[in-house]
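Worksheet for the structure shown next.
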Amino acid sequence: MMESISVSKATVHGIRTLSKKLELLEDKNSQIYQENVAKFGIPEEYVRKAFSEEAVLEATKSGKSTIYLALENRCKILGFAQTIQRDHLTTELDRIVVFPSHTRMGIGTRLLTKAVNDEKKKGTKTIIVNAGKKETHARRFYEKNEFKPTKETEMDAPWGSKIVLVTYQLQIEDKKHN
Ligand SMILES: CC(C)(COP(=O)(O)OP(=O)(O)OC[C@H]1O[C@@H](n2cnc3c(N)ncnc32)[C@H](O)[C@@H]1OP(=O)(O)O)[C@@H](O)C(=O)NCCC(=O)NCCS
């Protein structure tokens with residue numbers, strides 16, 4: 001039931017548990033693998049590095065990055081989001097993932113809402129996120145949550161080929177001042 005699902009900032013223990021769970025990315029049949037790895041031809045080695053415990057802890061140690069976890073009964077990780085502060089007005093949503101067994105239940109939206117509310121309190125005005133042009137699920141999710149596409153960039157991916165990224169922005173200016 002949704003009542004038992006909570007969303008909060010991750011503790012170091014939570015981050016360790018998360019990085020273990022991310023071994024899921026090595027399941028080649030999972031939707032996460034298909035959408036984020038197979039489609040772009042990202043080498044597995046790169047994926048393992050990007051999602052390793054070390055990489056995640058390093059990002060949070062810098063103080064510019066926050067990880068949020070969606071937990072069932074305070075222990076089972078159903079999804080996570082990571083934000084990285086770019087400057088005092090802008091924060092990037094670096095990634096948001098809900099594990100395939102629990103998608104379309106509003107968990108992605110709850111993770112996003114928690115992150116956006118924290119950013120609003122800090123005085124952030126803009127949240128940016130990049131999505132692969134072909135990542136239709138992710139793009140619909142951002143559009144449903146009021147992100148607006150602002151530009152398209154062709155990128156040399158770190159693994160050699162080219163991909164097109166769509167940059168989305170969410171303005172979180174306080175409504176009462178508009
Ligand atoms: C994108 C993702 C985070 C969405 O999480 P979620 O918990 O399923 O999202 P929600 O249930 O809050 O969905 C909110 C709305 O977004 C849209 N949406 C979400 N998933 C969608 C999909 N697969 N197809 C079409 N629309 C979708 C819908 O409008 C949905 O509302 P609805 O269910 O009432 O129609 C999740 O599908 C995921 O982890 N995907 C793989 C990883 C990924 O691509 N991450 C983004 C890049 S890092």
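Letters A, B, ... mark the chains of the structure tokens in the order given; residue numbers begin at 1 per chain; ligand numbers begin at 1, in order shown.
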field: DSSP strand (DSSP E or B) residues within segment 9-101 of chain A, as a VMD selection string
entry: chain A and resid 9 65 to 72 76 to 87 90 to 98
task: Would you return as a PyMOL selection string the members of segment 94-149 of chain A that DSSP assigns to helix (DSSP H, G or I) on this structure's backbone?
output: chain A and resi 100-102+107-122+136-144
Please provide as a short mmCIF file (atom, residue, chain, number, x, y, z; two decimals) with C-alpha atoms, in the first residue's frame all residues within 10 Å of Tyr46 of chain A, with the sequence filter that same-chain residues fewer than 5 positions apart are discarded (counting only C-alpha atoms).
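Everything below was put into around-v9.cif:
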data_model
loop_
_atom_site.label_atom_id
_atom_site.label_comp_id
_atom_site.auth_asym_id
_atom_site.auth_seq_id
_atom_site.Cartn_x
_atom_site.Cartn_y
_atom_site.Cartn_z
CA VAL A 37 22.14 1.14 -21.31
CA PHE A 51 26.53 3.46 -10.39
CA SER A 52 29.17 2.06 -8.05
CA PRO A 158 31.90 9.15 -23.28
CA TRP A 159 31.71 5.71 -24.94
#
query: Looking at A:Glu135, A:Asp156, A:Glu72, A:Glu146, which one is nearest to ligand 1, with distances taken over only C-alpha atoms and all ligand atoms?
result: A:Glu135
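Nearest residue to Ala59 of chain A among A:Val166, A:Leu112, A:Ile96, A:Ile15 is A:Ile15, counting only C-alpha atoms.
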message: Can you tell me which residues surround Gln82 of chain A at a distance of at most 8 Å, considering only C-alpha atoms, apart from same-chain residues fewer than 3 positions away, and format the answer as a ChimeraX atom specification?
response: /A:65-68,93-96
Written selection (C-alpha atoms) as a CSV table (one decimal), in the first residue's frame:
chain,number,residue,atom,x,y,z
A,65,SER,CA,24.7,16.3,-4.3
A,66,THR,CA,21.7,14.8,-2.5
A,67,ILE,CA,20.3,11.4,-2.9
A,68,TYR,CA,16.6,10.6,-2.1
A,93,LEU,CA,18.2,16.4,-11.4
A,94,ASP,CA,21.0,14.0,-12.3
A,95,ARG,CA,19.0,10.8,-12.3
A,96,ILE,CA,15.7,9.5,-11.1
- request: List all protein, DNA and RNA residues that have any atom at most 6 Å from ligand 1, counting only C-alpha atoms and all ligand atoms, and write the list as a PyMOL selection string.
  value: chain A and resi 32+95-99+103-109+137-138+140-141+144
Give me a file of those residues, with N, CA and C atoms, as a PDB file, in the first residue's frame.
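Saved to selection.pdb:
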ATOM      1  N   ILE A  32      15.154  -0.892 -16.978  1.00  0.00           N
ATOM      2  CA  ILE A  32      16.175   0.114 -16.691  1.00  0.00           C
ATOM      3  C   ILE A  32      17.383  -0.113 -17.597  1.00  0.00           C
ATOM      4  N   ARG A  95      19.650  12.077 -11.900  1.00  0.00           N
ATOM      5  CA  ARG A  95      18.961  10.845 -12.303  1.00  0.00           C
ATOM      6  C   ARG A  95      17.812  10.544 -11.363  1.00  0.00           C
ATOM      7  N   ILE A  96      16.835   9.910 -11.902  1.00  0.00           N
ATOM      8  CA  ILE A  96      15.693   9.452 -11.105  1.00  0.00           C
ATOM      9  C   ILE A  96      15.297   8.086 -11.660  1.00  0.00           C
ATOM     10  N   VAL A  97      15.220   7.141 -10.766  1.00  0.00           N
ATOM     11  CA  VAL A  97      14.947   5.762 -11.180  1.00  0.00           C
ATOM     12  C   VAL A  97      13.941   5.142 -10.214  1.00  0.00           C
ATOM     13  N   VAL A  98      12.895   4.557 -10.765  1.00  0.00           N
ATOM     14  CA  VAL A  98      11.989   3.733  -9.965  1.00  0.00           C
ATOM     15  C   VAL A  98      12.150   2.314 -10.503  1.00  0.00           C
ATOM     16  N   PHE A  99      12.366   1.366  -9.627  1.00  0.00           N
ATOM     17  CA  PHE A  99      12.622   0.008 -10.100  1.00  0.00           C
ATOM     18  C   PHE A  99      11.364  -0.563 -10.761  1.00  0.00           C
ATOM     19  N   THR A 103       6.870   0.874 -10.937  1.00  0.00           N
ATOM     20  CA  THR A 103       6.606   2.073 -11.740  1.00  0.00           C
ATOM     21  C   THR A 103       5.098   2.302 -11.877  1.00  0.00           C
ATOM     22  N   ARG A 104       4.755   3.516 -12.299  1.00  0.00           N
ATOM     23  CA  ARG A 104       3.368   3.952 -12.523  1.00  0.00           C
ATOM     24  C   ARG A 104       2.509   3.898 -11.269  1.00  0.00           C
ATOM     25  N   MET A 105       3.133   4.086 -10.113  1.00  0.00           N
ATOM     26  CA  MET A 105       2.369   4.143  -8.857  1.00  0.00           C
ATOM     27  C   MET A 105       2.551   5.507  -8.192  1.00  0.00           C
ATOM     28  N   GLY A 106       3.164   6.433  -8.906  1.00  0.00           N
ATOM     29  CA  GLY A 106       3.357   7.766  -8.340  1.00  0.00           C
ATOM     30  C   GLY A 106       4.639   7.944  -7.545  1.00  0.00           C
ATOM     31  N   ILE A 107       5.475   6.922  -7.489  1.00  0.00           N
ATOM     32  CA  ILE A 107       6.695   7.012  -6.665  1.00  0.00           C
ATOM     33  C   ILE A 107       7.699   7.996  -7.276  1.00  0.00           C
ATOM     34  N   GLY A 108       7.840   7.971  -8.600  1.00  0.00           N
ATOM     35  CA  GLY A 108       8.737   8.920  -9.277  1.00  0.00           C
ATOM     36  C   GLY A 108       8.317  10.353  -8.963  1.00  0.00           C
ATOM     37  N   THR A 109       7.018  10.593  -9.019  1.00  0.00           N
ATOM     38  CA  THR A 109       6.492  11.933  -8.735  1.00  0.00           C
ATOM     39  C   THR A 109       6.773  12.326  -7.281  1.00  0.00           C
ATOM     40  N   HIS A 137       9.761   7.322 -22.162  1.00  0.00           N
ATOM     41  CA  HIS A 137       9.126   7.192 -20.838  1.00  0.00           C
ATOM     42  C   HIS A 137       9.560   8.331 -19.925  1.00  0.00           C
ATOM     43  N   ALA A 138      10.871   8.548 -19.882  1.00  0.00           N
ATOM     44  CA  ALA A 138      11.391   9.592 -18.999  1.00  0.00           C
ATOM     45  C   ALA A 138      10.875  10.963 -19.452  1.00  0.00           C
ATOM     46  N   ARG A 140       8.108  11.727 -21.046  1.00  0.00           N
ATOM     47  CA  ARG A 140       6.692  11.906 -20.674  1.00  0.00           C
ATOM     48  C   ARG A 140       6.565  12.202 -19.191  1.00  0.00           C
ATOM     49  N   PHE A 141       7.374  11.509 -18.401  1.00  0.00           N
ATOM     50  CA  PHE A 141       7.346  11.720 -16.950  1.00  0.00           C
ATOM     51  C   PHE A 141       7.692  13.170 -16.619  1.00  0.00           C
ATOM     52  N   LYS A 144       4.889  15.508 -17.830  1.00  0.00           N
ATOM     53  CA  LYS A 144       3.724  15.409 -16.939  1.00  0.00           C
ATOM     54  C   LYS A 144       3.957  16.221 -15.662  1.00  0.00           C
TER      55      LYS A 144
END
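Here atom CA of Tyr33 of chain A stands at a distance of 14.1 Å from atom CA of Gly132 of chain A.
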query: Could you name the residues that touch Lys49 of chain A at 12 Å or less, counting only C-alpha atoms, but leaving out those on the same chain fewer than 3 positions away, as number ranges by chain?
result: A: 19, 22-23, 25-26, 42-46, 52-56, 58
Residues as selected, N, CA and C atoms, written as a PDB file, in the first residue's frame, can you do that?
ATOM      1  N   SER A  19      23.657   1.223  -3.633  1.00  0.00           N
ATOM      2  CA  SER A  19      24.652   0.862  -4.636  1.00  0.00           C
ATOM      3  C   SER A  19      24.673  -0.655  -4.865  1.00  0.00           C
ATOM      4  N   LEU A  22      21.864  -1.458  -7.153  1.00  0.00           N
ATOM      5  CA  LEU A  22      22.093  -1.019  -8.534  1.00  0.00           C
ATOM      6  C   LEU A  22      22.767  -2.095  -9.379  1.00  0.00           C
ATOM      7  N   GLU A  23      23.157  -3.151  -8.716  1.00  0.00           N
ATOM      8  CA  GLU A  23      23.668  -4.278  -9.488  1.00  0.00           C
ATOM      9  C   GLU A  23      22.583  -4.808 -10.411  1.00  0.00           C
ATOM     10  N   LEU A  25      21.217  -3.218 -12.526  1.00  0.00           N
ATOM     11  CA  LEU A  25      21.498  -2.682 -13.863  1.00  0.00           C
ATOM     12  C   LEU A  25      22.222  -3.698 -14.734  1.00  0.00           C
ATOM     13  N   GLU A  26      22.762  -4.691 -14.078  1.00  0.00           N
ATOM     14  CA  GLU A  26      23.436  -5.712 -14.870  1.00  0.00           C
ATOM     15  C   GLU A  26      22.466  -6.771 -15.365  1.00  0.00           C
ATOM     16  N   ILE A  42      25.853   1.886 -24.272  1.00  0.00           N
ATOM     17  CA  ILE A  42      26.836   2.256 -23.243  1.00  0.00           C
ATOM     18  C   ILE A  42      27.577   0.990 -22.794  1.00  0.00           C
ATOM     19  N   PRO A  43      28.892   1.042 -22.777  1.00  0.00           N
ATOM     20  CA  PRO A  43      29.605  -0.145 -22.317  1.00  0.00           C
ATOM     21  C   PRO A  43      29.271  -0.463 -20.858  1.00  0.00           C
ATOM     22  N   GLU A  44      29.125  -1.734 -20.560  1.00  0.00           N
ATOM     23  CA  GLU A  44      28.775  -2.150 -19.196  1.00  0.00           C
ATOM     24  C   GLU A  44      29.754  -1.620 -18.157  1.00  0.00           C
ATOM     25  N   GLU A  45      30.996  -1.569 -18.542  1.00  0.00           N
ATOM     26  CA  GLU A  45      32.031  -1.103 -17.620  1.00  0.00           C
ATOM     27  C   GLU A  45      31.749   0.324 -17.143  1.00  0.00           C
ATOM     28  N   TYR A  46      31.287   1.152 -18.081  1.00  0.00           N
ATOM     29  CA  TYR A  46      30.974   2.543 -17.779  1.00  0.00           C
ATOM     30  C   TYR A  46      29.804   2.607 -16.797  1.00  0.00           C
ATOM     31  N   SER A  52      28.501   2.750  -9.157  1.00  0.00           N
ATOM     32  CA  SER A  52      29.165   2.062  -8.052  1.00  0.00           C
ATOM     33  C   SER A  52      28.981   2.831  -6.752  1.00  0.00           C
ATOM     34  N   GLU A  53      29.111   2.119  -5.665  1.00  0.00           N
ATOM     35  CA  GLU A  53      29.008   2.732  -4.342  1.00  0.00           C
ATOM     36  C   GLU A  53      29.985   3.900  -4.224  1.00  0.00           C
ATOM     37  N   GLU A  54      31.181   3.677  -4.707  1.00  0.00           N
ATOM     38  CA  GLU A  54      32.222   4.699  -4.629  1.00  0.00           C
ATOM     39  C   GLU A  54      31.791   5.986  -5.335  1.00  0.00           C
ATOM     40  N   ALA A  55      31.257   5.830  -6.561  1.00  0.00           N
ATOM     41  CA  ALA A  55      30.846   7.003  -7.340  1.00  0.00           C
ATOM     42  C   ALA A  55      29.718   7.747  -6.631  1.00  0.00           C
ATOM     43  N   VAL A  56      28.782   6.990  -6.060  1.00  0.00           N
ATOM     44  CA  VAL A  56      27.636   7.605  -5.394  1.00  0.00           C
ATOM     45  C   VAL A  56      28.083   8.323  -4.117  1.00  0.00           C
ATOM     46  N   GLU A  58      31.092   9.439  -3.398  1.00  0.00           N
ATOM     47  CA  GLU A  58      31.946  10.558  -3.808  1.00  0.00           C
ATOM     48  C   GLU A  58      31.087  11.772  -4.142  1.00  0.00           C
TER      49      GLU A  58
END
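Among the candidates A:Leu78, A:Ser8, A:Asn29, A:Arg139, the residue lying nearest to Asp118 of chain A is A:Ser8 (atoms considered: only C-alpha atoms).
Straight-line separation from atom CA of Lys133 of chain A to atom CA of Val164 of chain A: 5.6 Å.
Of the listed residues (A:Lys148, A:Lys9, A:Lys28, A:His88), A:Lys9 comes nearest to Leu71 of chain A; the distances count only C-alpha atoms.
Summary of the local environment: counting only C-alpha atoms, residues at most 9 Å from Glu92 of chain A, other than itself and those fewer than 2 positions away along its chain, are A:Gln82, A:Thr83, A:Ile84, A:Gln85, A:Arg86, A:Thr90, A:Asp94, A:Arg95, A:Thr126, A:Ile127, A:Ile128, A:Val129, A:Asn130.
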Those residues you just picked out, can you put them in a file as a short mmCIF file (atom, residue, chain, number, x, y, z; two decimals), in the first residue's frame with C-alpha atoms?
data_model
loop_
_atom_site.label_atom_id
_atom_site.label_comp_id
_atom_site.auth_asym_id
_atom_site.auth_seq_id
_atom_site.Cartn_x
_atom_site.Cartn_y
_atom_site.Cartn_z
CA GLN A 82 20.01 12.29 -7.19
CA THR A 83 20.33 16.06 -7.45
CA ILE A 84 23.48 18.10 -8.01
CA GLN A 85 23.62 21.80 -7.25
CA ARG A 86 25.10 23.71 -10.23
CA THR A 90 20.20 26.11 -10.42
CA ASP A 94 21.05 14.02 -12.27
CA ARG A 95 18.96 10.84 -12.30
CA THR A 126 15.45 26.35 -11.76
CA ILE A 127 15.73 22.58 -11.89
CA ILE A 128 17.28 21.21 -15.06
CA VAL A 129 17.30 17.67 -16.34
CA ASN A 130 18.66 16.08 -19.48
#
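Rounded to one decimal, atom CA of Ala157 of chain A and atom CA of Ala81 of chain A lie 22.0 Å from each other.
Between Met155 of chain A and the residues A:Ala131, A:Ser62, A:Lys21, A:Gly123, the shortest atom-to-atom distance, using only C-alpha atoms, involves A:Ala131.
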query: Which is closest to Lys76 of chain A among A:Ser6, A:Gln31, A:Gln169, A:Thr91, if we use only C-alpha atoms?
result: A:Ser6
